[in-house]
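This is final22.txt (compact mmCIF, C-alpha atoms).
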# COMPACT_ATOMS: atom_id res chain seq x y z
CA MET A 202 196.59 -45.17 54.26
CA GLU A 203 199.57 -43.73 52.41
CA ARG A 204 203.23 -44.53 52.93
CA ILE A 205 205.79 -41.99 51.68
CA THR A 206 209.24 -43.04 50.52
CA ALA A 207 211.94 -41.15 48.65
CA ILE A 208 213.59 -42.92 45.73
CA LYS A 209 216.42 -41.13 43.93
CA GLY A 210 215.08 -37.74 45.01
CA GLU A 211 211.52 -38.38 43.79
CA LEU A 212 208.60 -38.89 46.11
CA GLN A 213 206.89 -42.23 45.85
CA VAL A 214 203.56 -42.80 47.58
CA LYS A 215 202.30 -46.31 48.12
CA ILE A 216 198.57 -46.56 48.62
CA GLU A 217 197.79 -49.46 50.90
CA PRO A 218 195.31 -50.81 49.93
CA ILE A 219 193.51 -49.06 47.08
CA ASP A 220 189.97 -47.99 47.86
CA THR A 221 188.07 -50.38 45.60
CA VAL A 222 184.72 -49.39 47.10
CA TYR A 223 185.30 -45.79 46.03
CA LEU A 224 186.62 -46.82 42.63
CA ASP A 225 183.71 -49.17 41.98
CA LYS A 226 181.30 -46.33 42.85
CA VAL A 227 183.10 -43.98 40.42
CA LEU A 228 183.05 -46.59 37.68
CA GLU A 229 179.38 -47.34 38.31
CA GLN A 230 178.46 -43.64 38.20
CA ASN A 231 180.20 -43.47 34.83
CA MET A 232 178.49 -46.66 33.61
CA GLN A 233 181.86 -48.41 33.35
CA ASP A 234 182.08 -46.77 29.95
CA PRO A 235 185.53 -46.01 28.49
CA GLU A 236 183.92 -42.99 26.83
CA ASN A 237 183.77 -41.47 30.32
CA LEU A 238 187.48 -42.00 30.99
CA ILE A 239 188.25 -38.32 31.58
CA MET A 240 185.50 -38.03 34.20
CA ILE A 241 186.75 -41.21 35.88
CA LEU A 242 190.31 -39.87 35.96
CA GLN A 243 189.04 -36.57 37.37
CA ASP A 244 187.36 -38.40 40.25
CA VAL A 245 190.47 -40.49 40.90
CA SER A 246 192.63 -37.36 40.83
CA ALA A 247 190.26 -35.58 43.21
CA LYS A 248 190.60 -38.40 45.75
CA TYR A 249 194.35 -39.05 45.55
CA ASN A 250 195.56 -35.69 44.15
CA TYR A 251 197.34 -37.62 41.40
CA LEU A 252 196.80 -40.81 39.41
CA PRO A 253 198.45 -43.69 41.30
CA ARG A 254 199.71 -46.57 39.19
CA GLU A 255 197.89 -49.13 41.35
CA VAL A 256 194.59 -47.34 40.82
CA LEU A 257 195.16 -47.02 37.07
CA ASN A 258 195.80 -50.78 36.91
CA TYR A 259 192.44 -51.34 38.59
CA VAL A 260 190.69 -49.01 36.13
CA VAL A 261 192.36 -50.79 33.19
CA GLU A 262 191.02 -54.13 34.40
CA ARG A 263 187.50 -52.87 35.14
CA LEU A 264 187.09 -50.89 31.90
CA ASN A 265 188.91 -53.48 29.79
CA VAL A 266 191.04 -50.80 28.10
CA SER A 267 194.77 -50.52 27.50
CA MET A 268 197.09 -48.70 29.85
CA SER A 269 198.33 -46.69 26.87
CA LEU A 270 194.82 -45.23 26.42
CA ILE A 271 194.75 -44.13 30.04
CA TYR A 272 198.31 -42.74 29.88
CA SER A 273 197.54 -40.81 26.72
CA ALA A 274 194.64 -39.05 28.48
CA ALA A 275 196.57 -38.61 31.73
CA THR A 276 199.57 -37.04 30.03
CA PHE A 277 197.61 -34.85 27.63
CA TYR A 278 195.78 -32.83 30.29
CA LYS A 279 197.77 -30.63 32.71
CA ALA A 280 195.10 -31.21 35.38
CA PHE A 281 196.34 -34.80 35.77
CA SER A 282 199.59 -35.88 37.35
CA LEU A 283 201.23 -39.29 37.42
CA LYS A 284 203.51 -38.18 40.27
CA PRO A 285 202.39 -37.55 43.85
CA ARG A 286 201.32 -33.97 44.45
CA GLY A 287 200.84 -31.94 47.57
CA LYS A 288 197.65 -31.45 49.50
CA TYR A 289 197.83 -27.80 48.37
CA ILE A 290 198.52 -27.11 44.71
CA ILE A 291 199.88 -23.59 44.28
CA ASN A 292 199.58 -22.11 40.80
CA VAL A 293 201.45 -18.90 40.10
CA CYS A 294 200.14 -17.01 37.09
CA LEU A 295 202.98 -15.92 34.81
CA GLY A 296 200.76 -14.45 32.10
CA THR A 297 201.65 -11.03 30.74
CA ALA A 298 199.59 -8.94 33.18
CA CYS A 299 200.89 -10.85 36.21
CA HIS A 300 204.44 -11.03 34.88
CA VAL A 301 204.80 -7.27 34.47
CA ARG A 302 203.52 -6.83 38.04
CA GLY A 303 206.14 -9.10 39.62
CA ALA A 304 204.78 -12.64 39.44
CA GLU A 305 208.24 -14.08 38.75
CA LYS A 306 209.52 -12.62 42.04
CA ILE A 307 206.53 -14.14 43.84
CA LYS A 308 207.33 -17.53 42.31
CA GLU A 309 210.97 -17.23 43.40
CA SER A 310 209.92 -16.32 46.95
CA LEU A 311 207.61 -19.32 47.12
CA GLU A 312 210.35 -21.61 45.80
CA GLU A 313 212.72 -20.34 48.48
CA ARG A 314 210.12 -20.59 51.27
CA LEU A 315 209.01 -24.11 50.32
CA ASN A 316 212.49 -25.28 49.30
CA ILE A 317 211.20 -26.60 45.97
CA HIS A 318 211.20 -25.47 42.36
CA GLU A 319 208.38 -25.12 39.87
CA GLY A 320 206.85 -28.53 39.18
CA GLU A 321 208.06 -30.03 42.45
CA THR A 322 206.35 -31.19 45.63
CA THR A 323 207.54 -30.74 49.20
CA GLU A 324 208.80 -33.89 50.92
CA ASN A 325 205.89 -33.86 53.36
CA LEU A 326 203.42 -33.81 50.42
CA LYS A 327 201.88 -30.58 51.67
CA PHE A 328 202.63 -28.28 48.69
CA THR A 329 203.14 -28.56 44.96
CA LEU A 330 204.28 -25.45 43.09
CA GLU A 331 203.18 -24.99 39.49
CA THR A 332 202.91 -22.13 37.03
CA VAL A 333 200.23 -21.28 34.52
CA ARG A 334 200.13 -18.80 31.66
CA CYS A 335 196.81 -17.19 32.59
CA LEU A 336 194.17 -17.63 35.28
CA GLY A 337 191.72 -15.29 33.57
CA CYS A 338 191.70 -12.55 36.20
CA CYS A 339 194.33 -10.22 34.76
CA ALA A 340 192.99 -7.10 36.45
CA LEU A 341 193.79 -8.67 39.84
CA GLY A 342 197.40 -9.58 38.99
CA PRO A 343 199.66 -10.84 40.17
CA VAL A 344 197.52 -13.84 41.09
CA ILE A 345 198.11 -17.24 42.66
CA THR A 346 195.68 -20.02 43.37
CA VAL A 347 195.86 -22.52 46.18
CA ASN A 348 193.70 -25.42 45.10
CA GLU A 349 190.47 -23.68 44.06
CA THR A 350 190.99 -20.39 45.91
CA SER A 351 192.37 -17.36 44.04
CA TYR A 352 194.40 -14.56 45.61
CA GLY A 353 195.12 -11.35 43.72
CA GLY A 354 196.88 -8.04 44.08
CA LEU A 355 199.88 -9.80 45.56
CA ASP A 356 203.47 -8.97 46.27
CA ARG A 357 206.05 -11.34 47.74
CA GLY A 358 205.10 -10.60 51.34
CA LYS A 359 201.38 -11.12 50.81
CA ALA A 360 201.98 -14.36 48.93
CA LEU A 361 204.18 -15.72 51.71
CA LYS A 362 201.55 -14.83 54.35
CA ILE A 363 198.97 -16.79 52.38
CA ILE A 364 201.25 -19.83 52.34
CA GLU A 365 201.88 -19.44 56.10
CA LYS A 366 198.15 -19.93 56.70
CA TYR A 367 198.25 -23.24 54.84
CA GLU A 368 201.47 -24.30 56.59
CA ASP A 369 199.75 -23.80 59.94
CA GLU A 370 196.83 -26.07 58.95
CA ALA A 371 197.49 -29.63 59.99

Final structure tokens representation of the file:
Amino acid sequence: MERITAIKGELQVKIEPIDTVYLDKVLEQNMQDPENLIMILQDVSAKYNYLPREVLNYVVERLNVSMSLIYSAATFYKAFSLKPRGKYIINVCLGTACHVRGAEKIKESLEERLNIHEGETTENLKFTLETVRCLGCCALGPVITVNETSYGGLDRGKALKIIEKYEDEA
């Protein structure tokens, strides 16, 4: 179970207690080998949507590695986050093809609708808004993704309707 608290404007999520059964399974599948650290962090991130400090402490103990090794991997890859993220990660493509077709306006509309800025998460942990330089589907621009689902050929109105669908999901 998660408990959400706000500290100095940043969301803090306390995981009570950590799921050691899940973590032990992940570590076992990866042979408790530090060489598989990225895959372990991917599994942790998939479960919690970020890398909680408490979980990283557990991984440090079980793999017998330093926290600095884990932090270097976690901060190098954009796919990992050390801060709580929303259930729905929205990526707005700002690559050239999307930019010239109005992606910046779409981003601004999403910021206004969600009352957050790029790189932030809504207080209810439902949405995180991020930008990327290219999603690899330039012909469909402007494009956003919500988690693993891509939406192309957007304008501000279409993008907001997509987000409405996710807002309605409980």

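Omitting A:Leu361 and its sequence neighbours fewer than 4 positions away, and counting only C-alpha atoms, the residues within 10 Å are Ile307, Ser310, Leu311, Arg314, Leu315, Leu355, Asp356, Arg357, Glu365 and Lys366 of chain A.
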
Using all atoms listed in the file, which of A:Lys279, A:His300, A:Lys327, A:Lys308 sits nearest A:Leu341?
A:His300

Enclosing box along x, y and z for every listed atom of stretch 269-283 of chain A, padded 3 Å each side, centre and size in Å, one decimal, as lines of an AutoDock Vina configuration file:
center_x = 197.9
center_y = -38.7
center_z = 31.9
size_x = 12.6
size_y = 22.1
size_z = 17.0

Extract, using only C-alpha atoms, all DNA, RNA and protein residues at most 10 Å from A:Ile291, discarding same-chain residues fewer than 6 positions from it, and format them as a PyMOL selection string.
chain A and resi 308+311+319-320+328-332+345-351+364

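The gap separating atom CA of A:Ala304 from atom CA of A:Val344 is 7.5 Å, in Å to one decimal.
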
Correct to one decimal, the distance atom CA of A:Gln230-atom CA of A:Asp244 is 10.5 Å

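Atom to atom, atom CA of A:Asp369 and atom CA of A:Glu324 stand 16.3 Å apart.
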
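Residues in contact with stretch 217-221 of chain A at 12 Å, where only C-alpha atoms are counted and same-chain residues fewer than 6 positions away are skipped, are listed as Met202, Glu203, Arg204, Ile205, Val227, Leu228, Glu229, Val245, Lys248, Tyr249, Leu252, Pro253, Arg254, Glu255, Val256, Leu257, Asn258, Tyr259, Val260 and Arg263 of chain A.
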
Just C-alpha atoms for this one: save the residues we selected as a PDB file, keeping the file's coordinate frame.
ATOM      1  CA  MET A 202     196.590 -45.170  54.260  1.00  0.00           C
ATOM      2  CA  GLU A 203     199.570 -43.730  52.410  1.00  0.00           C
ATOM      3  CA  ARG A 204     203.230 -44.530  52.930  1.00  0.00           C
ATOM      4  CA  ILE A 205     205.790 -41.990  51.680  1.00  0.00           C
ATOM      5  CA  VAL A 227     183.100 -43.980  40.420  1.00  0.00           C
ATOM      6  CA  LEU A 228     183.050 -46.590  37.680  1.00  0.00           C
ATOM      7  CA  GLU A 229     179.380 -47.340  38.310  1.00  0.00           C
ATOM      8  CA  VAL A 245     190.470 -40.490  40.900  1.00  0.00           C
ATOM      9  CA  LYS A 248     190.600 -38.400  45.750  1.00  0.00           C
ATOM     10  CA  TYR A 249     194.350 -39.050  45.550  1.00  0.00           C
ATOM     11  CA  LEU A 252     196.800 -40.810  39.410  1.00  0.00           C
ATOM     12  CA  PRO A 253     198.450 -43.690  41.300  1.00  0.00           C
ATOM     13  CA  ARG A 254     199.710 -46.570  39.190  1.00  0.00           C
ATOM     14  CA  GLU A 255     197.890 -49.130  41.350  1.00  0.00           C
ATOM     15  CA  VAL A 256     194.590 -47.340  40.820  1.00  0.00           C
ATOM     16  CA  LEU A 257     195.160 -47.020  37.070  1.00  0.00           C
ATOM     17  CA  ASN A 258     195.800 -50.780  36.910  1.00  0.00           C
ATOM     18  CA  TYR A 259     192.440 -51.340  38.590  1.00  0.00           C
ATOM     19  CA  VAL A 260     190.690 -49.010  36.130  1.00  0.00           C
ATOM     20  CA  ARG A 263     187.500 -52.870  35.140  1.00  0.00           C
TER      21      ARG A 263
END

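If only C-alpha atoms are the atoms counted, then among A:Leu295, A:Glu309, A:Thr323, A:Ala274 the closest residue to A:Glu236 is A:Ala274.
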
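Compared by their closest atoms to A:Cys335, and using all atoms listed in the file, the residues A:Leu224, A:Met232, A:Val261, A:Ala298 rank with A:Ala298 nearest.
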
With distances taken over only C-alpha atoms, the candidate from A:Tyr251, A:Ser282, A:Leu264, A:Gly353 nearest A:Arg302 is A:Gly353

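Of the residues under consideration (A:Asn292, A:Thr297, A:Asn250, A:Ser267), A:Asn250 shows the shortest atom-to-atom contact distance to A:Leu326 when counting all atoms listed in the file.
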
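Every protein or nucleic acid residue with an atom no more than 8 Å from A:Gly296, counting all atoms listed in the file and leaving out same-chain residues fewer than 5 positions away, appears here: Val333, Arg334, Cys335 and Leu336 of chain A.
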
List every protein, DNA or RNA residue that has an atom no more than 10 Å from (189.0, -40.8, 32.0) in the file's coordinate frame, counting all atoms listed in the file, and report them as a VMD selection string.
chain A and resid 231 234 to 245 260 270 to 272 274 to 275
